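Data first, discussion second: the structure below is written as structure tokens.
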Amino acid sequence: MSHMHAVDVLLVEDNQQDAELTIRSLRKHKLANNVSVVEDGAEALDFVFCRGKFEQRDINHPPRVIFLDLKLPRVGGLEVLRAIKQDARTRSVPVVVVTSSREDPDVKAAYELGANSYVVKPVDFESFTEAIGNLGLYWLLINQPPK
Amino acid sequence: MKVRSRITLLFVLLAIVPVVVVGFMAYYTGRQSIEQVEINHLVSTNLMKSSELTRWIESNQQRMEELAQRPLLVQYSDTMVRFGPANPVYDLSRQALEEEHLKPRIKPAGGFTEMSVISPDGGIILASSDEMQEGKYYSNQRFFAEGKAHTYTQGVFYSLPLQQTTMMVSTPINDSREKLVAVLAGRLDLGDLSSIMSAQSGLSRSEKTYLVNKSNFFVTEPYSGQGYALKKTVRTQGVQAGLAGQDGVAFYDDYRNIPVIGAYKWLPQYNMCLVTEVDQAEAYAPINSMAGTMITIVSVLALLVLAAGFFLARTITRPLARLVAGAAEIGRHGHLDRKIGTDARDEIGELSRAFDRMANELKMTTVSIDELEHRVHERTAQLEAANRELEAFSYSVSHDLRAPLRAIDGYTRILLEDYQPLLDEEGKRICSVISEGAHKMSDLIDDLLTFSRLGRSALNPSSIDMEAMAKAVFQELTTAQDRKRIDFQVEALPPVLADPALLKQVWVNLLSNSIKFSRKKRRAVVRVRGERSDGEIVYSVKDNGVGFDMQYVDKLFGVFQRLHSVKDFDGNGVGLALVQRVVHRHGGRVWAEGEIDKGATFYFTLPAQGVI
């Protein structure tokens, strides 16, 4: 496993502050070794399917978990989710939908498309840190991906 | 059967049947009376003819008797009989007899065709108007035998000596001592008889009277000049009946095979049958011609009535047919613009106009219904669009307003964590105020979203045990310590049909308010009641808390409206607005009563029958 290709967490988040807070939370739980951040859906797809500026990536080494915001510029979160879950090579990658709102009309659609989890980002920083930490712990350490 | 056909038929029946019946009865009665008249006429003709016949014969007999009594005739006859032909007196007497007595009686001067004097012993003709007959014998003739004793008329027979048919009258010639001298015989002219018989009464042209003898031979000509007499036989029904000795009237075919009415009469004294006949065709001519006229009239009448009936039926059924066609068009195709249109002032016209009015009103109703439906569609679409926009807005608000708040809180924490040594107490306090503000705003956003969601989501009503729900909510809202301080009284609450999730929000808000505003009382009392009244159930929550000024009761249920400072009582002013919204959505009402420092009572009603 090339160090360069080994990515534990792909964070798809257009809000840079949220991204920073997420990474800080992961770091607090010592889970931020290999976190990649992309800012929109198109970039996320390029990353996952090793296209464009992520050409050199190996599709056979996908991220161990993807934190996906639904509200993204260019290509929406649901589109990204659908593409990942429809492709046999990427289908088994866990996708955790992380969004600001429990009002999101796309929650149901997200589950139907095969989202593995759905988390509302709390406003309170402590709760936020805890939630992100738990997610990281669960998907990176407890969850056993298929071999 | 169509109305038109029925009316036409009815017309024809009404008009024709009585005419036909009356006509037939008139015809029948007329025929009967004509028959009666005809029969009477025929019978009387027969009687008249037979008496004429008798009179004719009797008058000839009288003439013969008168002649036979003449002394000269007796004397001459006597001389001839007594002296015989050898004696010259015989011829003289014969000549005298013939010239002076017999010949003058012969036609055209007299009424006989021949007249003879016959010797009583041998039946020899002594003298005759026809000299060719002298010396011939009449000894075997009946009229001779009878004539010796009395005047006798022998009916028509065939005379061998004469070699022709004849009719003879005989009478004895007696002397003054009534001793038979000779027989006087006279041959009657059958032509005369024919004339008498065939003389017509003048009533009808076809009437004929004739005599038939025992051997079925015509005795007289049925019509003059036909040469039937004693040459042709006749065996018609009337003749046969007459020859069988009967008198009567019958309907039958005569010798010409023409239907006649015939009266027959047997004349025993002459061994003949008297028949008078008239052609049925002529007898019935008047009634038949009347019948013909009647048939013509009936036919013409029938045609006229048929035409009139047809026309009338058409005037009745044509508007009906238009009505039917109009109704069919409206019914099948919904062409409500279709008008029957009529000026007729009768019932059908009335019906047609009523129909038009109905169609018009229907059209207007349909138009307004269509319009309403259209509007409803439009409004629904607008509402749906508004709802979608509102949802999108809510999502945006919750999503986009929370992200900066998270940043505020998050970075404040980072400041506190990473730069703690650089901050004094005041800096730390400011940081916590920033955090608190962020939290508060986050709560406000959540409440607003809940409030807006309540107005939009569909109701899911089910039966709710309100008493159990109120108790459970109170339990959730309070700690054991709270419950010691608060006297919570719940009366038996009527159950209701409503959305449980929303109703729970109502209880949460009302009970938390009561708990909150009675917090400063040492002994708080919260009392929950419910009772049916007038088709609705009135629930109330009463507390003995701080209460409120009734002056501001209007503002109680508004969003973000508060009557107390946040310093005294926390909360963001959404709770009662939410209560009002839920209750209104269920078709109920909310109101409140209160007094400062005495407590407040909040009421809400729900329809007893359930959700509207």
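Naming scheme: A, B, ... for chains in displayed order of the structure tokens; residues 1 onward per chain; ligands 1 onward as shown.
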
Enumerate, in order of chain and increasing residue number, the residues of chain A with an atom no farther than 12 Å from chain B, each with its shortest atom pair and distance in Å to one decimal, counting only C-alpha atoms, as JSON lines.
```
{"residue": "A:Glu13", "atom": "CA", "partner": "B:Ala403", "partner_atom": "CA", "distance": 11.6}
{"residue": "A:Asp14", "atom": "CA", "partner": "B:Ala403", "partner_atom": "CA", "distance": 11.1}
{"residue": "A:Asn15", "atom": "CA", "partner": "B:Ala403", "partner_atom": "CA", "distance": 8.1}
{"residue": "A:Gln16", "atom": "CA", "partner": "B:Ala407", "partner_atom": "CA", "distance": 9.7}
{"residue": "A:Gln17", "atom": "CA", "partner": "B:Ala407", "partner_atom": "CA", "distance": 6.2}
{"residue": "A:Asp18", "atom": "CA", "partner": "B:Ala407", "partner_atom": "CA", "distance": 6.9}
{"residue": "A:Ala19", "atom": "CA", "partner": "B:Ala407", "partner_atom": "CA", "distance": 10.2}
{"residue": "A:Glu20", "atom": "CA", "partner": "B:Ala407", "partner_atom": "CA", "distance": 9.5}
{"residue": "A:Leu21", "atom": "CA", "partner": "B:Gly410", "partner_atom": "CA", "distance": 6.9}
{"residue": "A:Thr22", "atom": "CA", "partner": "B:Gly410", "partner_atom": "CA", "distance": 10.1}
{"residue": "A:Arg24", "atom": "CA", "partner": "B:Ile414", "partner_atom": "CA", "distance": 9.3}
{"residue": "A:Ser25", "atom": "CA", "partner": "B:Gly410", "partner_atom": "CA", "distance": 10.3}
{"residue": "A:Lys28", "atom": "CA", "partner": "B:Ile414", "partner_atom": "CA", "distance": 11.9}
{"residue": "A:Asp69", "atom": "CA", "partner": "B:His399", "partner_atom": "CA", "distance": 10.8}
{"residue": "A:Leu70", "atom": "CA", "partner": "B:His399", "partner_atom": "CA", "distance": 10.4}
{"residue": "A:Lys71", "atom": "CA", "partner": "B:His399", "partner_atom": "CA", "distance": 8.7}
{"residue": "A:Leu72", "atom": "CA", "partner": "B:His399", "partner_atom": "CA", "distance": 11.8}
{"residue": "A:Val98", "atom": "CA", "partner": "B:His399", "partner_atom": "CA", "distance": 11.3}
{"residue": "A:Thr99", "atom": "CA", "partner": "B:His399", "partner_atom": "CA", "distance": 7.6}
{"residue": "A:Ser100", "atom": "CA", "partner": "B:His399", "partner_atom": "CA", "distance": 4.9}
{"residue": "A:Ser101", "atom": "CA", "partner": "B:His399", "partner_atom": "CA", "distance": 5.0}
{"residue": "A:Arg102", "atom": "CA", "partner": "B:Ser398", "partner_atom": "CA", "distance": 8.0}
{"residue": "A:Glu103", "atom": "CA", "partner": "B:Tyr395", "partner_atom": "CA", "distance": 5.6}
{"residue": "A:Asp104", "atom": "CA", "partner": "B:Tyr395", "partner_atom": "CA", "distance": 5.9}
{"residue": "A:Pro105", "atom": "CA", "partner": "B:Tyr395", "partner_atom": "CA", "distance": 7.8}
{"residue": "A:Asp106", "atom": "CA", "partner": "B:Tyr395", "partner_atom": "CA", "distance": 10.2}
{"residue": "A:Val107", "atom": "CA", "partner": "B:Tyr395", "partner_atom": "CA", "distance": 11.6}
{"residue": "A:Val120", "atom": "CA", "partner": "B:His399", "partner_atom": "CA", "distance": 9.9}
{"residue": "A:Lys121", "atom": "CA", "partner": "B:Arg406", "partner_atom": "CA", "distance": 8.5}
{"residue": "A:Pro122", "atom": "CA", "partner": "B:Arg406", "partner_atom": "CA", "distance": 7.3}
{"residue": "A:Val123", "atom": "CA", "partner": "B:Arg406", "partner_atom": "CA", "distance": 4.3}
{"residue": "A:Asp124", "atom": "CA", "partner": "B:Asp409", "partner_atom": "CA", "distance": 6.3}
{"residue": "A:Phe125", "atom": "CA", "partner": "B:Gly410", "partner_atom": "CA", "distance": 4.8}
{"residue": "A:Glu126", "atom": "CA", "partner": "B:Gly410", "partner_atom": "CA", "distance": 8.1}
{"residue": "A:Ser127", "atom": "CA", "partner": "B:Gly410", "partner_atom": "CA", "distance": 10.2}
{"residue": "A:Phe128", "atom": "CA", "partner": "B:Gly410", "partner_atom": "CA", "distance": 8.5}
{"residue": "A:Thr129", "atom": "CA", "partner": "B:Gly410", "partner_atom": "CA", "distance": 9.1}
```

So that I can see what lies close to Tyr264 of chain B, please list as a PDB file with C-alpha atoms, in the first residue's frame the residues with an atom at most 10 Å from it, counting only C-alpha atoms and leaving out residues fewer than 4 positions away in the same chain.
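Wrote it out as part10.pdb, contents follow:
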```
ATOM      1  CA  LEU B  42    -144.162  -9.481 -56.825  1.00  0.00           C
ATOM      2  CA  VAL B  43    -146.797 -11.231 -54.753  1.00  0.00           C
ATOM      3  CA  ASN B  46    -148.903 -12.490 -59.117  1.00  0.00           C
ATOM      4  CA  LEU B  47    -152.317 -12.053 -57.541  1.00  0.00           C
ATOM      5  CA  THR B 209    -144.641 -12.707 -65.506  1.00  0.00           C
ATOM      6  CA  TYR B 210    -145.212 -16.000 -67.213  1.00  0.00           C
ATOM      7  CA  LEU B 211    -147.076 -19.235 -66.937  1.00  0.00           C
ATOM      8  CA  GLN B 237    -136.322 -23.156 -58.123  1.00  0.00           C
ATOM      9  CA  GLY B 238    -139.390 -20.905 -58.250  1.00  0.00           C
ATOM     10  CA  VAL B 239    -141.023 -22.857 -61.057  1.00  0.00           C
ATOM     11  CA  GLN B 240    -140.389 -26.184 -59.360  1.00  0.00           C
ATOM     12  CA  ALA B 241    -141.849 -24.902 -56.099  1.00  0.00           C
ATOM     13  CA  GLY B 242    -144.865 -23.482 -57.928  1.00  0.00           C
ATOM     14  CA  LEU B 243    -145.432 -26.701 -59.863  1.00  0.00           C
ATOM     15  CA  GLY B 245    -148.356 -26.635 -55.593  1.00  0.00           C
ATOM     16  CA  GLN B 246    -146.799 -23.989 -53.410  1.00  0.00           C
ATOM     17  CA  ASP B 247    -147.232 -20.240 -53.295  1.00  0.00           C
ATOM     18  CA  GLY B 248    -144.256 -18.205 -52.191  1.00  0.00           C
ATOM     19  CA  VAL B 249    -141.217 -16.080 -52.855  1.00  0.00           C
ATOM     20  CA  ALA B 250    -137.653 -17.175 -53.420  1.00  0.00           C
ATOM     21  CA  CYS B 273    -147.822 -22.106 -62.304  1.00  0.00           C
ATOM     22  CA  LEU B 274    -147.721 -18.359 -62.381  1.00  0.00           C
ATOM     23  CA  VAL B 275    -144.283 -16.850 -61.897  1.00  0.00           C
ATOM     24  CA  THR B 276    -143.327 -13.201 -61.562  1.00  0.00           C
ATOM     25  CA  GLU B 277    -139.680 -12.405 -61.365  1.00  0.00           C
TER      26      GLU B 277
END
```

With only C-alpha atoms as the atoms that count, which of A:His29, A:Pro63, A:Asp8, A:Ala83 lies nearest to Ala42 of chain A?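 Of A:His29, A:Pro63, A:Asp8, A:Ala83, the one nearest Ala42 of chain A, counting only C-alpha atoms, is A:Ala83.
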
Could you please determine the separation between atom CA of Ile125 of chain B and atom CA of Tyr138 of chain B in Å, to one decimal place?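 Separation between atom CA of Ile125 of chain B and atom CA of Tyr138 of chain B: 7.1 Å.
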
Looking only at the backbone, which of the residues in segment 47-83 of chain A does DSSP tag as strand (DSSP E), as a ChimeraX atom specification? /A:65-68

Keeping only all heavy atoms, write those residues as a PDB file, in the first residue's frame.
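Full text of result25.pdb as output:
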```
ATOM      1  N   VAL A  65     -13.641   5.688   4.357  1.00  0.00           N
ATOM      2  CA  VAL A  65     -14.970   6.259   4.604  1.00  0.00           C
ATOM      3  C   VAL A  65     -15.050   7.622   3.932  1.00  0.00           C
ATOM      4  O   VAL A  65     -14.035   8.318   3.816  1.00  0.00           O
ATOM      5  CB  VAL A  65     -15.287   6.355   6.119  1.00  0.00           C
ATOM      6  CG1 VAL A  65     -14.352   7.336   6.813  1.00  0.00           C
ATOM      7  CG2 VAL A  65     -16.745   6.730   6.355  1.00  0.00           C
ATOM      8  N   ILE A  66     -16.244   7.945   3.450  1.00  0.00           N
ATOM      9  CA  ILE A  66     -16.446   9.254   2.831  1.00  0.00           C
ATOM     10  C   ILE A  66     -17.462  10.012   3.666  1.00  0.00           C
ATOM     11  O   ILE A  66     -18.566   9.519   3.934  1.00  0.00           O
ATOM     12  CB  ILE A  66     -16.950   9.119   1.374  1.00  0.00           C
ATOM     13  CG1 ILE A  66     -15.928   8.347   0.543  1.00  0.00           C
ATOM     14  CG2 ILE A  66     -17.244  10.491   0.768  1.00  0.00           C
ATOM     15  CD1 ILE A  66     -16.395   8.008  -0.862  1.00  0.00           C
ATOM     16  N   PHE A  67     -17.076  11.238   4.128  1.00  0.00           N
ATOM     17  CA  PHE A  67     -18.022  12.126   4.796  1.00  0.00           C
ATOM     18  C   PHE A  67     -18.542  13.073   3.718  1.00  0.00           C
ATOM     19  O   PHE A  67     -17.784  13.852   3.152  1.00  0.00           O
ATOM     20  CB  PHE A  67     -17.337  12.911   5.912  1.00  0.00           C
ATOM     21  CG  PHE A  67     -16.979  12.083   7.124  1.00  0.00           C
ATOM     22  CD1 PHE A  67     -16.257  12.630   8.183  1.00  0.00           C
ATOM     23  CD2 PHE A  67     -17.385  10.740   7.231  1.00  0.00           C
ATOM     24  CE1 PHE A  67     -15.931  11.869   9.303  1.00  0.00           C
ATOM     25  CE2 PHE A  67     -17.060   9.982   8.348  1.00  0.00           C
ATOM     26  CZ  PHE A  67     -16.330  10.539   9.379  1.00  0.00           C
ATOM     27  N   LEU A  68     -19.855  12.983   3.471  1.00  0.00           N
ATOM     28  CA  LEU A  68     -20.415  13.699   2.323  1.00  0.00           C
ATOM     29  C   LEU A  68     -21.467  14.716   2.752  1.00  0.00           C
ATOM     30  O   LEU A  68     -22.477  14.355   3.372  1.00  0.00           O
ATOM     31  CB  LEU A  68     -21.029  12.673   1.351  1.00  0.00           C
ATOM     32  CG  LEU A  68     -21.680  13.199   0.076  1.00  0.00           C
ATOM     33  CD1 LEU A  68     -20.620  13.800  -0.851  1.00  0.00           C
ATOM     34  CD2 LEU A  68     -22.426  12.080  -0.643  1.00  0.00           C
TER      35      LEU A  68
END
```

Determine which residues of segment 22-77 of chain A DSSP labels as helix (DSSP H, G or I) from the backbone of this structure, then write them out as a VMD selection string. chain A and resid 22 to 28 41 to 48 52 to 54 77

Contacts of Asn116 of chain A at 7 Å (only C-alpha atoms; same-chain gap of 2+ positions) as a list in words: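 Skipping anything fewer than 2 positions along the chain leaves Pro94, Val95, Val96 and Gly114 of chain A.
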
Find the residue from B:Phe143, B:Gln95, B:Gly84, B:Thr151 that sits nearest to Arg63 of chain B; use only C-alpha atoms when measuring.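 Once distances to Arg63 of chain B are computed over only C-alpha atoms, the minimum belongs to B:Thr151.
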
Enter the distance from atom CA of Val183 of chain B to atom CA of Gly147 of chain B, in Å, rounded to one decimal.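 Rounded to one decimal, the two atoms are 6.1 Å apart.
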
Which one of A:Arg27, A:Arg64, A:Arg82, A:Lys108 sits closest to Leu45 of chain A if you count only C-alpha atoms?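 So, comparing all the options, the nearest one is A:Arg82.
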
Taking 3 positions as the minimum chain separation for residues in the same chain, which residues sit within 7 Å of Tyr252 of chain B when counting only C-alpha atoms? Answer as JSON, numbers by chain. {"B": [237, 259, 260, 261]}

Mind writing the picked residues with all heavy atoms as a PDB file, in the first residue's frame?
```pdb
ATOM      1  N   GLN B 237    -135.858 -22.868 -59.482  1.00  0.00           N
ATOM      2  CA  GLN B 237    -136.322 -23.156 -58.123  1.00  0.00           C
ATOM      3  C   GLN B 237    -137.762 -22.696 -57.918  1.00  0.00           C
ATOM      4  O   GLN B 237    -138.584 -23.399 -57.363  1.00  0.00           O
ATOM      5  CB  GLN B 237    -135.389 -22.445 -57.134  1.00  0.00           C
ATOM      6  CG  GLN B 237    -135.593 -22.832 -55.690  1.00  0.00           C
ATOM      7  CD  GLN B 237    -134.824 -21.900 -54.743  1.00  0.00           C
ATOM      8  OE1 GLN B 237    -133.827 -21.300 -55.144  1.00  0.00           O
ATOM      9  NE2 GLN B 237    -135.282 -21.804 -53.509  1.00  0.00           N
ATOM     10  N   PRO B 259    -129.586 -13.997 -61.402  1.00  0.00           N
ATOM     11  CA  PRO B 259    -130.230 -14.012 -60.081  1.00  0.00           C
ATOM     12  C   PRO B 259    -131.474 -13.129 -60.081  1.00  0.00           C
ATOM     13  O   PRO B 259    -131.422 -11.995 -60.560  1.00  0.00           O
ATOM     14  CB  PRO B 259    -129.166 -13.438 -59.145  1.00  0.00           C
ATOM     15  CG  PRO B 259    -127.917 -13.369 -59.930  1.00  0.00           C
ATOM     16  CD  PRO B 259    -128.263 -13.391 -61.375  1.00  0.00           C
ATOM     17  N   VAL B 260    -132.553 -13.708 -59.582  1.00  0.00           N
ATOM     18  CA  VAL B 260    -133.818 -12.967 -59.545  1.00  0.00           C
ATOM     19  C   VAL B 260    -134.475 -13.163 -58.194  1.00  0.00           C
ATOM     20  O   VAL B 260    -134.122 -14.068 -57.437  1.00  0.00           O
ATOM     21  CB  VAL B 260    -134.797 -13.461 -60.640  1.00  0.00           C
ATOM     22  CG1 VAL B 260    -134.274 -13.107 -62.030  1.00  0.00           C
ATOM     23  CG2 VAL B 260    -135.048 -14.949 -60.504  1.00  0.00           C
ATOM     24  N   ILE B 261    -135.420 -12.285 -57.925  1.00  0.00           N
ATOM     25  CA  ILE B 261    -136.357 -12.543 -56.831  1.00  0.00           C
ATOM     26  C   ILE B 261    -137.641 -12.997 -57.537  1.00  0.00           C
ATOM     27  O   ILE B 261    -138.132 -12.306 -58.431  1.00  0.00           O
ATOM     28  CB  ILE B 261    -136.647 -11.285 -56.002  1.00  0.00           C
ATOM     29  CG1 ILE B 261    -135.323 -10.621 -55.572  1.00  0.00           C
ATOM     30  CG2 ILE B 261    -137.506 -11.604 -54.795  1.00  0.00           C
ATOM     31  CD1 ILE B 261    -135.526  -9.253 -54.955  1.00  0.00           C
TER      32      ILE B 261
END
```

In terms of only C-alpha atoms, the residue from B:Asn257, B:Leu180, B:Met272, B:Ile596 at minimal distance from Asn216 of chain B is B:Met272

How many Å lie between atom CA of Ser533 of chain B and atom CA of Gly575 of chain B, rounded to one decimal?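 Taking atom CA of Ser533 of chain B and atom CA of Gly575 of chain B, their separation equals 26.2 Å.
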
Need to verify the contact set: Gln144 of chain A, 12 Å, only C-alpha atoms, exclusion of same-chain residues closer than 3 positions in sequence. Can you return it as a list of chain:residue names?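 My list of contacting residues is A:Arg64, A:Val65, A:Ser92, A:Val93, A:Pro94, A:Leu137, A:Tyr138, A:Trp139, A:Leu140, A:Leu141, A:Lys147.
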
I'd like the contact shell of Thr478 of chain B - 10 Å cut-off, only C-alpha atoms, skipping same-chain residues fewer than 6 positions apart - returned as a PyMOL selection string. chain B and resi 484+486+511-512+515
